[in-house]
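Trainee: Below is the file structure_37.pdb, with PDB, C-alpha atoms, pLDDT in the B column.
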ATOM      1  CA  MET A 300     -33.285  32.205 -23.310  1.00 84.00           C
ATOM      2  CA  GLU A 301     -29.759  31.403 -22.211  1.00 93.00           C
ATOM      3  CA  ILE A 302     -26.677  30.781 -24.320  1.00 95.00           C
ATOM      4  CA  THR A 303     -25.255  27.564 -22.916  1.00 97.00           C
ATOM      5  CA  ASP A 304     -22.335  26.998 -25.316  1.00 96.00           C
ATOM      6  CA  ILE A 305     -20.337  28.929 -27.899  1.00 96.00           C
ATOM      7  CA  ARG A 306     -17.838  27.045 -30.090  1.00 95.00           C
ATOM      8  CA  ILE A 307     -15.540  29.051 -32.304  1.00 94.00           C
ATOM      9  CA  ARG A 308     -13.292  27.926 -35.147  1.00 92.00           C
ATOM     10  CA  ARG A 309     -10.883  30.588 -36.386  1.00 91.00           C
ATOM     11  CA  VAL A 310     -10.403  30.895 -40.148  1.00 89.00           C
ATOM     12  CA  VAL A 311      -6.821  30.579 -41.436  1.00 84.00           C
ATOM     13  CA  SER A 312      -7.100  33.057 -44.350  1.00 79.00           C
ATOM     14  CA  GLU A 313      -6.215  36.745 -44.328  1.00 81.00           C
ATOM     15  CA  GLY A 314      -9.662  37.835 -45.598  1.00 88.00           C
ATOM     16  CA  LYS A 315     -12.585  39.484 -43.813  1.00 94.00           C
ATOM     17  CA  LEU A 316     -14.009  36.180 -42.521  1.00 93.00           C
ATOM     18  CA  LYS A 317     -12.388  35.583 -39.127  1.00 94.00           C
ATOM     19  CA  ALA A 318     -14.294  32.627 -37.613  1.00 93.00           C
ATOM     20  CA  TYR A 319     -17.231  30.238 -37.776  1.00 94.00           C
ATOM     21  CA  VAL A 320     -19.339  29.940 -34.628  1.00 96.00           C
ATOM     22  CA  THR A 321     -21.800  27.392 -33.280  1.00 96.00           C
ATOM     23  CA  VAL A 322     -24.166  28.669 -30.567  1.00 97.00           C
ATOM     24  CA  THR A 323     -26.280  26.455 -28.296  1.00 97.00           C
ATOM     25  CA  PHE A 324     -29.338  27.832 -26.502  1.00 96.00           C
ATOM     26  CA  ASP A 325     -30.779  26.301 -23.312  1.00 96.00           C
ATOM     27  CA  ASP A 326     -28.850  23.061 -24.002  1.00 96.00           C
ATOM     28  CA  CYS A 327     -31.576  22.167 -26.517  1.00 96.00           C
ATOM     29  CA  PHE A 328     -31.264  24.280 -29.701  1.00 96.00           C
ATOM     30  CA  VAL A 329     -28.155  24.905 -31.816  1.00 96.00           C
ATOM     31  CA  VAL A 330     -27.338  27.358 -34.614  1.00 96.00           C
ATOM     32  CA  HIS A 331     -24.334  26.556 -36.829  1.00 94.00           C
ATOM     33  CA  ASN A 332     -22.369  28.753 -39.237  1.00 93.00           C
ATOM     34  CA  VAL A 333     -22.659  32.129 -37.556  1.00 96.00           C
ATOM     35  CA  LYS A 334     -19.706  34.082 -38.979  1.00 95.00           C
ATOM     36  CA  VAL A 335     -17.369  36.593 -37.352  1.00 96.00           C
ATOM     37  CA  ILE A 336     -16.527  39.217 -39.983  1.00 96.00           C
ATOM     38  CA  GLU A 337     -13.969  42.042 -39.908  1.00 94.00           C
ATOM     39  CA  GLY A 338     -15.716  45.181 -41.134  1.00 92.00           C
ATOM     40  CA  LYS A 339     -14.589  48.778 -41.639  1.00 93.00           C
ATOM     41  CA  SER A 340     -15.598  49.711 -38.085  1.00 92.00           C
ATOM     42  CA  GLY A 341     -14.610  46.475 -36.326  1.00 93.00           C
ATOM     43  CA  VAL A 342     -15.799  42.892 -36.035  1.00 95.00           C
ATOM     44  CA  PHE A 343     -19.458  41.869 -36.194  1.00 96.00           C
ATOM     45  CA  ILE A 344     -21.467  38.667 -36.607  1.00 97.00           C
ATOM     46  CA  ALA A 345     -23.333  37.480 -39.699  1.00 96.00           C
ATOM     47  CA  MET A 346     -26.108  34.960 -39.226  1.00 96.00           C
ATOM     48  CA  PRO A 347     -26.197  31.736 -41.274  1.00 95.00           C
ATOM     49  CA  SER A 348     -27.565  32.402 -44.752  1.00 94.00           C
ATOM     50  CA  ARG A 349     -28.221  30.822 -48.114  1.00 93.00           C
ATOM     51  CA  LYS A 350     -28.069  32.210 -51.635  1.00 92.00           C
ATOM     52  CA  THR A 351     -31.408  32.680 -53.399  1.00 94.00           C
ATOM     53  CA  LYS A 352     -32.082  32.174 -57.121  1.00 95.00           C
ATOM     54  CA  THR A 353     -31.649  35.929 -57.620  1.00 95.00           C
ATOM     55  CA  GLY A 354     -28.180  35.865 -56.049  1.00 94.00           C
ATOM     56  CA  GLU A 355     -29.233  37.539 -52.807  1.00 94.00           C
ATOM     57  CA  TYR A 356     -28.260  36.086 -49.441  1.00 92.00           C
ATOM     58  CA  LYS A 357     -31.112  35.483 -46.961  1.00 94.00           C
ATOM     59  CA  ASP A 358     -30.605  34.640 -43.286  1.00 93.00           C
ATOM     60  CA  VAL A 359     -31.663  31.104 -42.411  1.00 94.00           C
ATOM     61  CA  ALA A 360     -31.969  31.951 -38.707  1.00 92.00           C
ATOM     62  CA  HIS A 361     -31.787  35.342 -37.032  1.00 93.00           C
ATOM     63  CA  PRO A 362     -32.842  37.273 -33.899  1.00 94.00           C
ATOM     64  CA  ILE A 363     -36.213  39.004 -34.156  1.00 95.00           C
ATOM     65  CA  HIS A 364     -35.457  41.800 -31.664  1.00 95.00           C
ATOM     66  CA  SER A 365     -32.467  44.131 -31.796  1.00 95.00           C
ATOM     67  CA  ASP A 366     -31.789  43.786 -28.059  1.00 95.00           C
ATOM     68  CA  PHE A 367     -31.352  40.014 -28.422  1.00 94.00           C
ATOM     69  CA  ARG A 368     -29.152  40.497 -31.495  1.00 95.00           C
ATOM     70  CA  THR A 369     -26.945  42.845 -29.458  1.00 96.00           C
ATOM     71  CA  PHE A 370     -26.807  40.306 -26.611  1.00 96.00           C
ATOM     72  CA  LEU A 371     -25.935  37.489 -29.034  1.00 96.00           C
ATOM     73  CA  GLN A 372     -23.291  39.525 -30.868  1.00 96.00           C
ATOM     74  CA  ASP A 373     -21.704  40.744 -27.617  1.00 97.00           C
ATOM     75  CA  SER A 374     -21.599  37.175 -26.249  1.00 97.00           C
ATOM     76  CA  ILE A 375     -20.014  35.749 -29.419  1.00 97.00           C
ATOM     77  CA  LEU A 376     -17.489  38.565 -29.842  1.00 97.00           C
ATOM     78  CA  ASN A 377     -16.484  38.340 -26.181  1.00 97.00           C
ATOM     79  CA  ALA A 378     -15.840  34.600 -26.602  1.00 96.00           C
ATOM     80  CA  TYR A 379     -13.959  35.272 -29.874  1.00 94.00           C
ATOM     81  CA  GLU A 380     -11.723  37.912 -28.286  1.00 93.00           C
ATOM     82  CA  ASN A 381     -10.893  35.557 -25.401  1.00 92.00           C
ATOM     83  CA  LEU A 382      -9.986  32.528 -27.547  1.00 87.00           C
ATOM     84  CA  PRO A 383      -6.662  30.938 -26.684  1.00 80.00           C
ATOM     85  CA  GLU A 384      -3.968  31.265 -29.358  1.00 77.00           C
ATOM     86  CA  ASP A 385      -3.943  27.480 -29.897  1.00 71.00           C
ATOM     87  CA  SER A 386      -7.702  27.245 -30.587  1.00 71.00           C
ATOM     88  CA  GLU A 387      -9.041  25.197 -33.523  1.00 70.00           C
ATOM     89  CA  MET A 388      -8.487  26.708 -36.966  1.00 67.00           C
ATOM     90  CA  VAL A 389     -10.241  25.884 -40.262  1.00 67.00           C
ATOM     91  CA  ASP A 390      -9.951  27.073 -43.837  1.00 62.00           C
ATOM     92  CA  GLU A 391     -12.310  29.657 -45.312  1.00 64.00           C
ATOM     93  CA  ASP A 392     -14.424  27.006 -47.070  1.00 69.00           C
ATOM     94  CA  PHE A 393     -15.296  25.190 -43.818  1.00 66.00           C
ATOM     95  CA  HIS A 394     -19.035  24.756 -43.318  1.00 57.00           C
ATOM     96  CA  GLU A 395     -20.885  22.652 -40.778  1.00 56.00           C
ATOM     97  CA  LEU A 396     -23.894  20.549 -41.726  1.00 44.00           C
ATOM     98  CA  GLU A 397     -24.169  21.510 -45.361  1.00 41.00           C
TER      99      GLU A 397
END
Output the file's structure in the form of structure tokens.

Mentor:
Amino acid sequence: MEITDIRIRRVVSEGKLKAYVTVTFDDCFVVHNVKVIEGKSGVFIAMPSRKTKTGEYKDVAHPIHSDFRTFLQDSILNAYENLPEDSEMVDEDFHELE
């Protein structure tokens, strides 16, 4: 499987959420609302999720194998780190396709 497009929208706020990402695979499958989060040991990605009745968050889509998760995270974070300063910015409440 090949990542054919990564679109990143930086978040304006000063919180832990840094960006929303849309990833396209093989020009035929897209995943919206991957998040770039600033953690205690650096940035990482969080897969799109929804809140359950119990208040837990469950991933809507996620990699099955850790090696693909590493590949996906490395690809997204590389694109995030190389964003031009004038890239698109959104507020923290931005969500695609809700």

Trainee: Exactly which residues make up the result of the PyMOL selection byres ((chain A and resi 327-338) around 12) on this file, given as a tab-separated table (two decimals) with C-alpha atoms, in the coordinates of the input?

Mentor:
chain	number	residue	atom	x	y	z
A	300	MET	CA	-33.28	32.20	-23.31
A	301	GLU	CA	-29.76	31.40	-22.21
A	302	ILE	CA	-26.68	30.78	-24.32
A	303	THR	CA	-25.26	27.56	-22.92
A	304	ASP	CA	-22.34	27.00	-25.32
A	305	ILE	CA	-20.34	28.93	-27.90
A	306	ARG	CA	-17.84	27.04	-30.09
A	307	ILE	CA	-15.54	29.05	-32.30
A	308	ARG	CA	-13.29	27.93	-35.15
A	309	ARG	CA	-10.88	30.59	-36.39
A	310	VAL	CA	-10.40	30.90	-40.15
A	313	GLU	CA	-6.22	36.74	-44.33
A	314	GLY	CA	-9.66	37.84	-45.60
A	315	LYS	CA	-12.58	39.48	-43.81
A	316	LEU	CA	-14.01	36.18	-42.52
A	317	LYS	CA	-12.39	35.58	-39.13
A	318	ALA	CA	-14.29	32.63	-37.61
A	319	TYR	CA	-17.23	30.24	-37.78
A	320	VAL	CA	-19.34	29.94	-34.63
A	321	THR	CA	-21.80	27.39	-33.28
A	322	VAL	CA	-24.17	28.67	-30.57
A	323	THR	CA	-26.28	26.46	-28.30
A	324	PHE	CA	-29.34	27.83	-26.50
A	325	ASP	CA	-30.78	26.30	-23.31
A	326	ASP	CA	-28.85	23.06	-24.00
A	339	LYS	CA	-14.59	48.78	-41.64
A	340	SER	CA	-15.60	49.71	-38.08
A	341	GLY	CA	-14.61	46.48	-36.33
A	342	VAL	CA	-15.80	42.89	-36.03
A	343	PHE	CA	-19.46	41.87	-36.19
A	344	ILE	CA	-21.47	38.67	-36.61
A	345	ALA	CA	-23.33	37.48	-39.70
A	346	MET	CA	-26.11	34.96	-39.23
A	347	PRO	CA	-26.20	31.74	-41.27
A	348	SER	CA	-27.56	32.40	-44.75
A	349	ARG	CA	-28.22	30.82	-48.11
A	358	ASP	CA	-30.60	34.64	-43.29
A	359	VAL	CA	-31.66	31.10	-42.41
A	360	ALA	CA	-31.97	31.95	-38.71
A	361	HIS	CA	-31.79	35.34	-37.03
A	362	PRO	CA	-32.84	37.27	-33.90
A	371	LEU	CA	-25.94	37.49	-29.03
A	372	GLN	CA	-23.29	39.52	-30.87
A	373	ASP	CA	-21.70	40.74	-27.62
A	374	SER	CA	-21.60	37.17	-26.25
A	375	ILE	CA	-20.01	35.75	-29.42
A	376	LEU	CA	-17.49	38.56	-29.84
A	377	ASN	CA	-16.48	38.34	-26.18
A	378	ALA	CA	-15.84	34.60	-26.60
A	379	TYR	CA	-13.96	35.27	-29.87
A	380	GLU	CA	-11.72	37.91	-28.29
A	391	GLU	CA	-12.31	29.66	-45.31
A	392	ASP	CA	-14.42	27.01	-47.07
A	393	PHE	CA	-15.30	25.19	-43.82
A	394	HIS	CA	-19.04	24.76	-43.32
A	395	GLU	CA	-20.88	22.65	-40.78
A	396	LEU	CA	-23.89	20.55	-41.73
A	397	GLU	CA	-24.17	21.51	-45.36

Trainee: State, in Å with one decimal place, the distance from atom CA of A:Ser312 to atom CA of A:Glu355.

Mentor: 24.1 Å

Trainee: Using Å and a single decimal, report how far atom CA of A:Thr369 sits from atom CA of A:Lys357.

Mentor: 19.4 Å

Trainee: Atom CA of A:Ser365 to atom CA of A:Lys352: how many Å, to one decimal?

Mentor: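 Separation of atom CA of A:Ser365 and atom CA of A:Lys352: 28.0 Å.
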